[in-house]
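Student: Below is one structure. I have some questions about it.
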Amino acid sequence: HAFDMGDWKPDMSRSVAESDIFRWTIPAVTGGMWRLQREAGNALLLIEQRYNHVAGTLDGRAIADASLIGNMLSFVADGVLYRGVVGELSISGESAAWSAERVD
């Protein structure tokens with residue numbers, strides 16, 4: 001908690017009494033291809049991951065505001081906020097409106 005880890009950016013940091021304090025949460029493995037299921041139909045979600053940093057595309061369009069803390073994933077695609085809990089082979093959407101299954 002009192003040192004940085006190079007290019008792995010902490011989830012949170014602050015200075016306390018002239019000491020830097022860092023917090024990391026071990027991220028779920030999200031990198032790869034997922035079949036996202038939603039009311040509007042299925043879509044291909046491709047996630048690129050490096051440590052806790054995620055980016056990607058949904059049906060070829062970039063996702064925005066992607067965040068991964070532990071097993072909690074969130075991102076915005078086509079103006080819709082997606083939040084879910086990442087498991088080994090699936091992502092359970094916070095609402096029943098979506099879910100995803102690992103393709104690769």
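Note on naming: chains are A, B, ... as they come in the structure tokens, residues start from 1 per chain, ligands start from 1 in the order shown.
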Mind checking DSSP for range 24-90 of chain A and telling me the strand (DSSP E) residues as an NGL selection string?
Tutor: :A and (32-38 or 41-50 or 53-58 or 61-62 or 64-69 or 72-77 or 80-86 or 90)
Student: Residues at most 10 Å from Pro27 in chain A, counting only C-alpha atoms, excluding those fewer than 4 positions away in the same chain, as a ChimeraX atom specification?
Tutor: /A:49-53,68-73,86
Student: Limited to all heavy atoms, could you put the picked residues into a file as a short mmCIF file (atom, residue, chain, number, x, y, z; two decimals), in the first residue's frame?
Tutor:
data_model
loop_
_atom_site.label_atom_id
_atom_site.label_comp_id
_atom_site.auth_asym_id
_atom_site.auth_seq_id
_atom_site.Cartn_x
_atom_site.Cartn_y
_atom_site.Cartn_z
N GLN A 49 -7.56 -5.79 -22.14
CA GLN A 49 -7.28 -5.57 -20.73
C GLN A 49 -5.79 -5.56 -20.46
O GLN A 49 -5.05 -6.39 -20.98
CB GLN A 49 -7.94 -6.66 -19.88
CG GLN A 49 -7.66 -6.54 -18.41
CD GLN A 49 -8.34 -7.63 -17.59
OE1 GLN A 49 -8.97 -8.54 -18.13
NE2 GLN A 49 -8.21 -7.54 -16.28
N ARG A 50 -5.36 -4.61 -19.66
CA ARG A 50 -4.01 -4.59 -19.10
C ARG A 50 -4.16 -4.19 -17.64
O ARG A 50 -4.55 -3.07 -17.34
CB ARG A 50 -3.11 -3.61 -19.84
CG ARG A 50 -1.70 -3.58 -19.27
CD ARG A 50 -0.73 -2.96 -20.27
NE ARG A 50 0.57 -2.74 -19.69
CZ ARG A 50 1.53 -3.65 -19.64
NH1 ARG A 50 1.32 -4.86 -20.12
NH2 ARG A 50 2.70 -3.37 -19.11
N TYR A 51 -3.92 -5.13 -16.77
CA TYR A 51 -4.15 -4.95 -15.34
C TYR A 51 -5.62 -4.58 -15.12
O TYR A 51 -6.50 -5.31 -15.50
CB TYR A 51 -3.22 -3.91 -14.73
CG TYR A 51 -1.75 -4.13 -15.02
CD1 TYR A 51 -1.01 -3.17 -15.69
CD2 TYR A 51 -1.11 -5.30 -14.64
CE1 TYR A 51 0.34 -3.35 -15.95
CE2 TYR A 51 0.24 -5.50 -14.91
CZ TYR A 51 0.96 -4.52 -15.55
OH TYR A 51 2.28 -4.71 -15.82
N ASN A 52 -5.86 -3.40 -14.53
CA ASN A 52 -7.22 -2.96 -14.26
C ASN A 52 -7.73 -1.97 -15.31
O ASN A 52 -8.81 -1.41 -15.15
CB ASN A 52 -7.32 -2.34 -12.87
CG ASN A 52 -6.36 -1.18 -12.68
OD1 ASN A 52 -5.45 -0.96 -13.47
ND2 ASN A 52 -6.54 -0.44 -11.60
N HIS A 53 -6.98 -1.76 -16.37
CA HIS A 53 -7.40 -0.85 -17.44
C HIS A 53 -8.06 -1.68 -18.54
O HIS A 53 -7.48 -2.64 -19.03
CB HIS A 53 -6.21 -0.09 -18.01
CG HIS A 53 -6.58 0.79 -19.15
ND1 HIS A 53 -7.22 1.99 -18.99
CD2 HIS A 53 -6.44 0.61 -20.48
CE1 HIS A 53 -7.45 2.51 -20.18
NE2 HIS A 53 -6.99 1.70 -21.10
N LEU A 68 -12.88 -1.12 -14.45
CA LEU A 68 -12.84 -2.46 -13.88
C LEU A 68 -12.19 -2.36 -12.51
O LEU A 68 -11.02 -2.02 -12.40
CB LEU A 68 -12.05 -3.42 -14.78
CG LEU A 68 -11.88 -4.84 -14.26
CD1 LEU A 68 -13.22 -5.55 -14.13
CD2 LEU A 68 -10.94 -5.63 -15.16
N ILE A 69 -12.98 -2.63 -11.48
CA ILE A 69 -12.47 -2.67 -10.11
C ILE A 69 -12.87 -4.01 -9.54
O ILE A 69 -14.05 -4.28 -9.33
CB ILE A 69 -13.02 -1.51 -9.25
CG1 ILE A 69 -12.59 -0.16 -9.85
CG2 ILE A 69 -12.53 -1.64 -7.81
CD1 ILE A 69 -13.16 1.05 -9.15
N GLY A 70 -11.86 -4.87 -9.35
CA GLY A 70 -12.16 -6.23 -8.90
C GLY A 70 -12.94 -6.96 -9.98
O GLY A 70 -12.49 -7.08 -11.11
N ASN A 71 -14.15 -7.40 -9.64
CA ASN A 71 -14.99 -8.08 -10.62
C ASN A 71 -16.14 -7.20 -11.10
O ASN A 71 -17.05 -7.67 -11.76
CB ASN A 71 -15.53 -9.40 -10.06
CG ASN A 71 -16.49 -9.19 -8.90
OD1 ASN A 71 -16.57 -8.12 -8.32
ND2 ASN A 71 -17.19 -10.25 -8.54
N MET A 72 -16.09 -5.92 -10.80
CA MET A 72 -17.14 -4.97 -11.21
C MET A 72 -16.70 -4.24 -12.49
O MET A 72 -15.74 -3.48 -12.47
CB MET A 72 -17.42 -3.95 -10.10
CG MET A 72 -17.86 -4.60 -8.79
SD MET A 72 -19.39 -5.54 -8.94
CE MET A 72 -20.53 -4.29 -9.40
N LEU A 73 -17.42 -4.48 -13.57
CA LEU A 73 -17.13 -3.89 -14.88
C LEU A 73 -18.23 -2.89 -15.23
O LEU A 73 -19.41 -3.17 -15.01
CB LEU A 73 -17.08 -4.98 -15.94
CG LEU A 73 -16.96 -4.52 -17.40
CD1 LEU A 73 -15.58 -3.92 -17.65
CD2 LEU A 73 -17.23 -5.68 -18.35
N VAL A 86 -18.32 -9.67 -13.25
CA VAL A 86 -17.60 -10.59 -14.12
C VAL A 86 -17.33 -11.90 -13.40
O VAL A 86 -16.79 -11.91 -12.29
CB VAL A 86 -16.26 -9.97 -14.59
CG1 VAL A 86 -15.50 -10.93 -15.48
CG2 VAL A 86 -16.50 -8.64 -15.28
#
Student: Could you list, as a PyMOL selection string, every residue within 6 Å of range 74-83 of chain A, counting only C-alpha atoms and ignoring same-chain residues fewer than 3 positions away?
Tutor: chain A and resi 63-67+93-94
Student: Excluding Trp34 in chain A and residues on its chain fewer than 2 positions from it, collect all residues at most 6 Å away from it, counting only C-alpha atoms, and give them as a CSV table (one decimal) with N, CA, C and O atoms, in the first residue's frame.
Tutor:
chain,number,residue,atom,x,y,z
A,36,LEU,N,-22.7,-10.5,-26.0
A,36,LEU,CA,-23.5,-9.7,-25.1
A,36,LEU,C,-25.0,-9.9,-25.6
A,36,LEU,O,-25.3,-9.8,-26.7
A,44,LEU,N,-21.4,-8.4,-30.3
A,44,LEU,CA,-20.1,-8.9,-29.9
A,44,LEU,C,-19.3,-7.8,-29.1
A,44,LEU,O,-19.1,-6.7,-29.6
A,45,LEU,N,-18.9,-8.2,-27.9
A,45,LEU,CA,-18.2,-7.3,-27.1
A,45,LEU,C,-16.7,-7.8,-27.0
A,45,LEU,O,-16.5,-8.9,-26.7
A,100,ALA,N,-23.6,-11.4,-20.6
A,100,ALA,CA,-22.7,-11.7,-21.6
A,100,ALA,C,-22.0,-13.1,-21.3
A,100,ALA,O,-21.9,-13.4,-20.1
A,101,GLU,N,-21.7,-13.8,-22.3
A,101,GLU,CA,-21.0,-15.1,-22.2
A,101,GLU,C,-19.7,-15.0,-22.9
A,101,GLU,O,-19.6,-14.5,-24.0
A,102,ARG,N,-18.6,-15.6,-22.3
A,102,ARG,CA,-17.3,-15.6,-23.0
A,102,ARG,C,-17.4,-16.5,-24.3
A,102,ARG,O,-17.9,-17.6,-24.3
A,103,VAL,N,-16.8,-16.0,-25.3
A,103,VAL,CA,-16.8,-16.6,-26.6
A,103,VAL,C,-15.5,-17.4,-26.8
A,103,VAL,O,-15.4,-18.5,-27.4
Student: Kindly assemble as CSV a list of the range 20-99 of chain A residues that lie within 7 Å of range 6-14 of chain A, each paired with its nearest atom pair and their distance in Å to one decimal, using only C-alpha atoms, sorted first by chain and then by ascending residue number.
Tutor:
residue,atom,partner,partner_atom,distance
A:Asp20,CA,A:Arg14,CA,5.8
A:Ile21,CA,A:Arg14,CA,5.4
A:Phe22,CA,A:Ser13,CA,4.4
A:Arg23,CA,A:Met12,CA,5.2
A:Trp24,CA,A:Pro10,CA,5.0
A:Thr25,CA,A:Asp11,CA,6.9
A:Tyr51,CA,A:Trp8,CA,6.3
Student: Using Å and a single decimal, report how far CA of Gly41 in chain A sits from CA of Ala28 in chain A.
Tutor: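 Distance reported for this atom pair: 25.6 Å.
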Student: Please, what distance in Å, to one decimal, runs between CA of Asp104 in chain A and CA of Ile26 in chain A?
Tutor: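 Separation between CA of Asp104 in chain A and CA of Ile26 in chain A: 21.8 Å.
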